[in-house]
Protein chains: 2
Amino acid sequence: MTTSAHAPASLLVTGTIGIDTVETPLSRADRVLGGSAAYFAAAASRLGPVRMVGVVGEDWPAHHRTILEGLEGVDLRGLETRAGGKTFAWGGKYLDNMNERETLFTELGVVADAPPTVPAVFADSRYLFLGNTHPEVQIGLLEQVPNRTLVVADTMDLWINIAHDSLVRLLSKIDGIVLNDSEAMQLTGVRNAVTAGRRILGYGPTFCVVKKGEHGAVLVHRDGVAVVPAFPAEEDMVIDPTGAGDTFAGGFMAHIARSGSIDLETLQSALAWGTVMASFTISSFSLDAVSRASAEDLAKRYRRFAEAARV
Amino acid sequence: MTTSAHAPASLLVTGTIGIDTVETPLSRADRVLGGSAAYFAAAASRLGPVRMVGVVGEDWPAHHRTILEGLEGVDLRGLETRAGGKTFAWGGKYLDNMNERETLFTELGVVADAPPTVPAVFADSRYLFLGNTHPEVQIGLLEQVPNRTLVVADTMDLWINIAHDSLVRLLSKIDGIVLNDSEAMQLTGVRNAVTAGRRILGYGPTFCVVKKGEHGAVLVHRDGVAVVPAFPAEEDMVIDPTGAGDTFAGGFMAHIARSGSIDLETLQSALAWGTVMASFTISSFSLDAVSRASAEDLAKRYRRFAEAARV
């Protein structure tokens with residue numbers, strides 16, 4: 001899998017655009033821009049162009065659109081506003097340790113209706129990230145991208161429970177899967193992250209990223225295993241963990257797309273870029289920190305992380 | 001802090017020599033050689049000479065002595081056999097996930113009597129590791145080593161609870177402390193490992209290693225922060241986690257002793273050596289795997305880890 005250095009990376013993300021209400025022990029944010037596709041795109045756009053596919057309702061706040069339109073390199077031509085519909089909304093509350101959260105409400109809105117479609121102008125995309133949704137919807141989306149060279153998907157406990165066979169079918173069609181350690185255990189019955197990841201490769205993917213939150217991630221690849229710690233963030237740096245996983249995926253995929261390779265070494269740098277993006281995301285509500293950091297801030301954080309994690 | 005390349009590293013460990021009985025979901029080991037000093041020495045001796053100070057009772061099995069005597073580079077002149085006493089004995093049972101364990105019994109034996117003393121022949125030691133015991137005992141031991149240039153101590157929840165002031169006094173006299181994440185939180189009231197480590201530096205040490213078990217470790221140093229993942233062990237590699245922390249400390253200290261430096265970069269390699277030693281320890285009962293691995297096995301495991309953890 002190689003691309004010409006001058007070919008557009010043509011990275012496409014499908015996922016939610018949401019209205020988030022977040023409570024933390026020290027603060028709160030009401031109806032701010034969130035959703036997997038929004039977080040992913042904010043992070044990915046820091047490394048290269050990204051195309052976004054998702055749906056919002058008529059109630060979508062105009063200033064949320066303004067924020068997305070302000071992100072350089074994000075192509076919004078796959079953003080559909082559905083007449084009469086309501087935008088996906090989520091409310092959550094972080095407990096004292098900032099690592100556990102309660103969901104206060106989830107209003108699916110337009111996300112519960114027909115899935116989004118990939119517009120014709122995006123059909124030539126090569127790198128595809130399928131944000132978490134029903135695996136049958138994910139399969140439908142990837143089939144709309146015939147020139148795909150690399151597909152990575154996210155999933156969640158719900159689909160492992162109620163759509164296991166569809167998820168297995170999805171796994172046979174994709175190159176990589178990103179999931180939490182608890183989800184990897186749920187899918188395989190194995191608690192050990194490396195062994196669970198290895199079992200998941202048995203379903204078809206070339207690699208599996210098992211995310212461990214504040215403990216980093218493990219990458220199990222057909223050619224070997226890699227481990228990456230989380231960024232060693234001080235307590236007062238953590239304002240709101242929402243979106244950390246989606247921006248991790250955004251940094252990870254955008255680095256792969258611009259590198260044009262999925263060898264183990266490229267994926268290791270991609271994990272580090274994902275980690276750097278997540279380290280910004282947790283330091284603000286919504287997309288603020290990851291989208292406002294200067295290019296120099298990003299490069300500096302990457303160097304700081306590489307030094308801290310040097311073996 | 002530098003040493004001539006030809007000066008003996010003169011690393012000294014004080015701690016327990018124990019008789020361990022371990023149950024795991026798949027297997028068990030009865031009355032095998034264990035204890036913090038034994039595990040530490042087995043690992044440290046793979047990188048350089050190590051002097052051991054500890055006490056055993058009259059009941060100490062002769063074949064345990066034979067095992068320790070067979071470890072090249074371990075100086076046993078600080079091993080005291082106490083007449084009429086019983087050797088420290090511990091029994092533990094690992095639960096299904098191998099990360100939680102129950103203590104079935106602890107028989108302190110000679111460890112409950114007078115602490116060991118550092119023999120005159122060891123008084124010129126430069127590098128000192130104080131295995132977990134009452135902090136007043138640790139202070140008494142370090143004062144018997146007047147030429148010490150570096151002292152690192154281990155501790156546990158019990159002393160944080162019942163000997164807090166002594167522990168604080170110990171911290172003002174040592175260069176480094178090694179403790180678990182739960183203990184760091186207990187000591188500081190801070191859950192975040194980096195911030196907790198930073199608070200602990202406020203008591204005096206130059207560095208603090210917060211161990212996170214299967215999630216690796218965080219090093220907080222006056223000059224910066226380092227993070228190291230655990231070795232990405234597959235499930236079937238984990239036979240018995242007992243001693244992982246002590247061999248981690250052994251590899252860590254022995255690398256420091258042979259390097260003659262505690263700058264951040266040296267400590268990072270020391271963390272990696274600790275990780276490598278622990279990865280062997282968990283793959284057998286007692287000291288078997290860490291002491292039997294060939295020098296080539298060790299070097300190979302180090303390279304494999306450095307590659308897996310490359311950022």
# chains A, B, ... in the order shown; residues from 1 in each chain; ligands from 1
$ residues_around --residues "Ile200 (chain A)" --least-positions-apart "6" --cutoff "12 Å" --atoms "only C-alpha atoms" --output "PyMOL selection string"
chain A and resi 167-168+170-172+174-179+183-190+193-194+206-210+219-222
$ write_last_selection --atoms "N, CA and C atoms" --output "CSV table (one decimal), in the first residue's frame"
chain,number,residue,atom,x,y,z
A,167,LEU,N,-20.9,-7.5,13.5
A,167,LEU,CA,-19.5,-7.0,13.9
A,167,LEU,C,-18.4,-7.9,13.3
A,168,VAL,N,-18.7,-9.2,13.4
A,168,VAL,CA,-17.7,-10.2,12.9
A,168,VAL,C,-17.6,-10.0,11.4
A,170,LEU,N,-18.2,-7.2,9.7
A,170,LEU,CA,-17.5,-6.0,9.5
A,170,LEU,C,-16.0,-6.3,9.7
A,171,LEU,N,-15.6,-7.0,10.7
A,171,LEU,CA,-14.1,-7.2,10.9
A,171,LEU,C,-13.5,-7.9,9.8
A,172,SER,N,-14.2,-8.7,9.0
A,172,SER,CA,-13.7,-9.4,7.9
A,172,SER,C,-13.4,-8.5,6.7
A,174,ILE,N,-12.4,-5.1,7.1
A,174,ILE,CA,-11.6,-3.9,7.4
A,174,ILE,C,-10.2,-4.2,7.7
A,175,ASP,N,-9.3,-3.2,7.7
A,175,ASP,CA,-7.9,-3.4,8.0
A,175,ASP,C,-7.5,-3.2,9.4
A,176,GLY,N,-8.3,-2.4,10.1
A,176,GLY,CA,-8.0,-2.1,11.5
A,176,GLY,C,-9.2,-1.9,12.3
A,177,ILE,N,-9.1,-2.2,13.6
A,177,ILE,CA,-10.2,-1.9,14.6
A,177,ILE,C,-9.6,-1.2,15.8
A,178,VAL,N,-10.4,-0.2,16.3
A,178,VAL,CA,-9.9,0.5,17.5
A,178,VAL,C,-11.0,0.3,18.5
A,179,LEU,N,-10.7,-0.2,19.7
A,179,LEU,CA,-11.7,-0.5,20.7
A,179,LEU,C,-11.0,-0.4,22.1
A,183,GLU,N,-14.0,-3.6,26.0
A,183,GLU,CA,-14.7,-4.1,24.8
A,183,GLU,C,-13.9,-5.2,24.1
A,184,ALA,N,-12.6,-5.1,24.1
A,184,ALA,CA,-11.8,-6.2,23.6
A,184,ALA,C,-12.0,-7.5,24.4
A,185,MET,N,-12.1,-7.3,25.7
A,185,MET,CA,-12.4,-8.4,26.6
A,185,MET,C,-13.8,-9.0,26.4
A,186,GLN,N,-14.7,-8.1,26.2
A,186,GLN,CA,-16.1,-8.6,26.0
A,186,GLN,C,-16.2,-9.3,24.6
A,187,LEU,N,-15.5,-8.9,23.6
A,187,LEU,CA,-15.6,-9.5,22.3
A,187,LEU,C,-14.9,-10.9,22.3
A,188,THR,N,-13.8,-11.0,23.1
A,188,THR,CA,-13.0,-12.2,23.0
A,188,THR,C,-13.1,-13.1,24.2
A,189,GLY,N,-13.6,-12.6,25.3
A,189,GLY,CA,-13.5,-13.3,26.6
A,189,GLY,C,-12.2,-13.4,27.2
A,190,VAL,N,-11.2,-12.6,26.7
A,190,VAL,CA,-9.8,-12.6,27.2
A,190,VAL,C,-9.5,-11.3,27.8
A,193,ALA,N,-4.8,-7.7,27.1
A,193,ALA,CA,-5.0,-6.9,26.0
A,193,ALA,C,-4.3,-7.4,24.7
A,194,VAL,N,-3.1,-8.0,24.9
A,194,VAL,CA,-2.3,-8.5,23.8
A,194,VAL,C,-3.0,-9.7,23.2
A,206,THR,N,-5.8,-6.5,9.9
A,206,THR,CA,-4.3,-6.5,9.9
A,206,THR,C,-3.8,-6.0,11.3
A,207,PHE,N,-4.6,-5.1,11.9
A,207,PHE,CA,-4.2,-4.7,13.2
A,207,PHE,C,-5.4,-4.3,14.1
A,208,CYS,N,-5.1,-4.3,15.4
A,208,CYS,CA,-6.1,-4.0,16.4
A,208,CYS,C,-5.5,-3.0,17.4
A,209,VAL,N,-6.1,-1.9,17.7
A,209,VAL,CA,-5.7,-1.0,18.7
A,209,VAL,C,-6.6,-1.2,19.9
A,210,VAL,N,-6.0,-1.6,21.0
A,210,VAL,CA,-6.7,-1.8,22.3
A,210,VAL,C,-6.4,-0.5,23.1
A,219,LEU,N,-1.1,-2.0,20.5
A,219,LEU,CA,-1.4,-2.3,19.1
A,219,LEU,C,-0.9,-3.7,18.8
A,220,VAL,N,-1.9,-4.5,18.4
A,220,VAL,CA,-1.5,-5.9,17.9
A,220,VAL,C,-1.6,-5.9,16.4
A,221,HIS,N,-0.5,-6.2,15.8
A,221,HIS,CA,-0.4,-6.1,14.3
A,221,HIS,C,0.1,-7.5,13.9
A,222,ARG,N,-0.3,-7.9,12.6
A,222,ARG,CA,0.2,-9.2,12.2
A,222,ARG,C,1.7,-9.3,12.3
$ interface_residues --of "chain A" --to "chain B" --cutoff "7 Å" --atoms "only C-alpha atoms" --output "list in words"
Asn97, Arg191, Asn192, Val194, Thr195, His215, Val225, Ala226, Val227, Val228, Pro229, Pro232, Ala233, Glu234, Glu235, Gln268, Ser269, Ala272, Ala306, Ala308, Ala309, Arg310 and Val311 of chain A
$ write_last_selection --atoms "C-alpha atoms" --output "PDB file, in the first residue's frame"
ATOM      1  CA  ASN A  97     -11.387  10.808  39.436  1.00  0.00           C
ATOM      2  CA  ARG A 191      -8.751  -9.998  29.697  1.00  0.00           C
ATOM      3  CA  ASN A 192      -5.132  -9.721  28.524  1.00  0.00           C
ATOM      4  CA  VAL A 194      -2.321  -8.484  23.763  1.00  0.00           C
ATOM      5  CA  THR A 195      -3.991 -11.875  23.597  1.00  0.00           C
ATOM      6  CA  HIS A 215      -2.818   3.798  30.608  1.00  0.00           C
ATOM      7  CA  VAL A 225       3.104  -5.787  18.977  1.00  0.00           C
ATOM      8  CA  ALA A 226       3.561  -2.176  20.043  1.00  0.00           C
ATOM      9  CA  VAL A 227       2.732  -0.428  23.302  1.00  0.00           C
ATOM     10  CA  VAL A 228       2.320   3.257  23.913  1.00  0.00           C
ATOM     11  CA  PRO A 229       1.741   4.942  27.279  1.00  0.00           C
ATOM     12  CA  PRO A 232       1.828  11.839  31.365  1.00  0.00           C
ATOM     13  CA  ALA A 233      -0.707  14.574  32.080  1.00  0.00           C
ATOM     14  CA  GLU A 234      -0.764  16.285  35.459  1.00  0.00           C
ATOM     15  CA  GLU A 235      -4.091  16.358  37.280  1.00  0.00           C
ATOM     16  CA  GLN A 268       3.793   3.420  16.111  1.00  0.00           C
ATOM     17  CA  SER A 269       4.273   7.061  15.106  1.00  0.00           C
ATOM     18  CA  ALA A 272       2.064   8.751  19.248  1.00  0.00           C
ATOM     19  CA  ALA A 306       8.681  11.072  22.560  1.00  0.00           C
ATOM     20  CA  ALA A 308       9.086  11.041  28.113  1.00  0.00           C
ATOM     21  CA  ALA A 309       8.353   7.676  26.486  1.00  0.00           C
ATOM     22  CA  ARG A 310      11.884   6.999  25.249  1.00  0.00           C
ATOM     23  CA  VAL A 311      13.142   3.525  26.156  1.00  0.00           C
TER      24      VAL A 311
END
$ atom_distance --atom1 "CA of Gly140 (chain B)" --atom2 "CA of Lys173 (chain B)"
11.2 Å
$ select_by_dssp --residues "region 7-161 of chain A" --states "alpha helix (DSSP H)" --output "ChimeraX atom specification"
/A:36-44,62-69,135-142,157-161
$ write_last_selection --atoms "C-alpha atoms" --output "CSV table (one decimal), in the first residue's frame"
chain,number,residue,atom,x,y,z
A,36,SER,CA,-17.1,11.4,17.1
A,37,ALA,CA,-16.8,12.8,13.6
A,38,ALA,CA,-16.3,16.4,14.9
A,39,TYR,CA,-13.6,15.4,17.4
A,40,PHE,CA,-11.9,13.1,14.8
A,41,ALA,CA,-11.9,15.8,12.1
A,42,ALA,CA,-10.6,18.5,14.5
A,43,ALA,CA,-7.6,16.3,15.3
A,44,ALA,CA,-7.0,14.8,11.8
A,62,ALA,CA,-25.3,27.9,13.7
A,63,HIS,CA,-22.2,28.6,15.8
A,64,HIS,CA,-21.4,24.9,15.8
A,65,ARG,CA,-21.3,25.0,12.0
A,66,THR,CA,-19.2,28.1,12.2
A,67,ILE,CA,-16.7,26.2,14.4
A,68,LEU,CA,-16.4,23.3,11.9
A,69,GLU,CA,-16.2,25.7,9.0
A,135,PRO,CA,-21.8,-2.5,12.2
A,136,GLU,CA,-24.3,-3.0,9.4
A,137,VAL,CA,-24.3,0.8,8.9
A,138,GLN,CA,-20.6,0.7,8.9
A,139,ILE,CA,-20.5,-2.0,6.2
A,140,GLY,CA,-23.0,0.1,4.2
A,141,LEU,CA,-20.7,3.1,4.4
A,142,LEU,CA,-17.5,1.4,3.5
A,157,ASP,CA,-20.1,-2.7,23.9
A,158,LEU,CA,-23.6,-2.3,22.6
A,159,TRP,CA,-22.8,-3.8,19.2
A,160,ILE,CA,-20.8,-6.6,20.7
A,161,ASN,CA,-23.9,-7.5,22.7
$ atom_distance --atom1 "CA of Ala257 (chain B)" --atom2 "CA of Ser283 (chain B)"
25.8 Å
$ closest_residue --among "A:Lys86, A:Arg126, A:Arg101, A:Arg301" --to "Ile256 (chain A)" --atoms "only C-alpha atoms"
A:Arg126
$ atom_distance --atom1 "CA of Gln144 (chain B)" --atom2 "CA of Pro115 (chain B)"
12.2 Å
$ select_by_dssp --residues "region 19-211 of chain B" --states "strand (DSSP E or B)" --output "MDAnalysis selection string"
chainID B and resid 19:23 28:34 50:57 74:82 88:94 101:107 127:130 150:154 176:180 207:211
$ closest_residue --among "B:Gly109, B:Tyr94, B:Ser284, B:Asn180" --to "Met156 (chain B)" --atoms "only C-alpha atoms"
B:Asn180
$ residues_around --residues "Leu128 (chain A)" --least-positions-apart "2" --cutoff "7 Å" --atoms "only C-alpha atoms" --output "short mmCIF file (atom, residue, chain, number, x, y, z; two decimals) with N, CA and C atoms, in the first residue's frame"
data_model
loop_
_atom_site.label_atom_id
_atom_site.label_comp_id
_atom_site.auth_asym_id
_atom_site.auth_seq_id
_atom_site.Cartn_x
_atom_site.Cartn_y
_atom_site.Cartn_z
N LEU A 11 -8.60 11.33 3.29
CA LEU A 11 -9.07 10.65 4.50
C LEU A 11 -10.52 11.04 4.74
N LEU A 12 -11.36 10.03 4.95
CA LEU A 12 -12.79 10.26 5.18
C LEU A 12 -13.18 9.70 6.55
N VAL A 13 -13.96 10.49 7.29
CA VAL A 13 -14.49 9.99 8.56
C VAL A 13 -16.01 10.02 8.52
N ARG A 126 -9.58 7.32 -0.06
CA ARG A 126 -8.73 6.13 0.06
C ARG A 126 -8.64 5.62 1.50
N LEU A 130 -14.44 4.61 10.21
CA LEU A 130 -15.86 4.43 10.48
C LEU A 130 -16.10 4.62 11.97
N ARG A 148 -11.30 2.52 -1.58
CA ARG A 148 -10.66 2.48 -0.27
C ARG A 148 -9.42 1.58 -0.29
N LEU A 150 -7.58 1.60 2.81
CA LEU A 150 -7.44 1.29 4.24
C LEU A 150 -8.70 1.70 4.98
N VAL A 151 -9.29 0.76 5.69
CA VAL A 151 -10.48 1.06 6.49
C VAL A 151 -10.23 0.66 7.94
N VAL A 152 -10.48 1.61 8.84
CA VAL A 152 -10.38 1.34 10.28
C VAL A 152 -11.73 1.70 10.90
#
$ residues_around --residues "Pro49 (chain A)" --least-positions-apart "3" --cutoff "12 Å" --atoms "only C-alpha atoms" --output "number ranges by chain"
A: 7-13, 40-46, 52, 71-76, 125, 127, 250-251, 253-255, 257-258
$ write_last_selection --atoms "C-alpha atoms" --output "short mmCIF file (atom, residue, chain, number, x, y, z; two decimals), in the first residue's frame"
data_model
loop_
_atom_site.label_atom_id
_atom_site.label_comp_id
_atom_site.auth_asym_id
_atom_site.auth_seq_id
_atom_site.Cartn_x
_atom_site.Cartn_y
_atom_site.Cartn_z
CA ALA A 7 -1.63 12.41 -4.08
CA PRO A 8 -4.24 13.86 -1.73
CA ALA A 9 -4.48 11.73 1.39
CA SER A 10 -8.29 11.71 0.96
CA LEU A 11 -9.07 10.65 4.50
CA LEU A 12 -12.79 10.26 5.18
CA VAL A 13 -14.49 9.99 8.56
CA PHE A 40 -11.94 13.10 14.84
CA ALA A 41 -11.92 15.81 12.14
CA ALA A 42 -10.60 18.48 14.49
CA ALA A 43 -7.59 16.29 15.31
CA ALA A 44 -7.02 14.82 11.84
CA SER A 45 -7.11 18.24 10.18
CA ARG A 46 -4.04 19.23 12.16
CA MET A 52 -16.54 14.45 7.09
CA LEU A 71 -11.25 24.21 10.88
CA GLU A 72 -8.73 24.41 8.06
CA GLY A 73 -8.65 21.27 5.95
CA VAL A 74 -12.06 19.91 6.99
CA ASP A 75 -14.31 19.27 4.01
CA LEU A 76 -17.96 19.50 5.13
CA SER A 125 -11.53 8.53 -0.76
CA TYR A 127 -8.49 6.18 3.86
CA GLY A 250 -8.07 11.27 14.25
CA GLY A 251 -4.35 11.80 14.89
CA MET A 253 -5.51 7.94 10.96
CA ALA A 254 -4.26 11.28 9.65
CA HIS A 255 -0.66 10.24 10.25
CA ALA A 257 -2.97 8.78 5.55
CA ARG A 258 -0.11 11.23 5.09
#
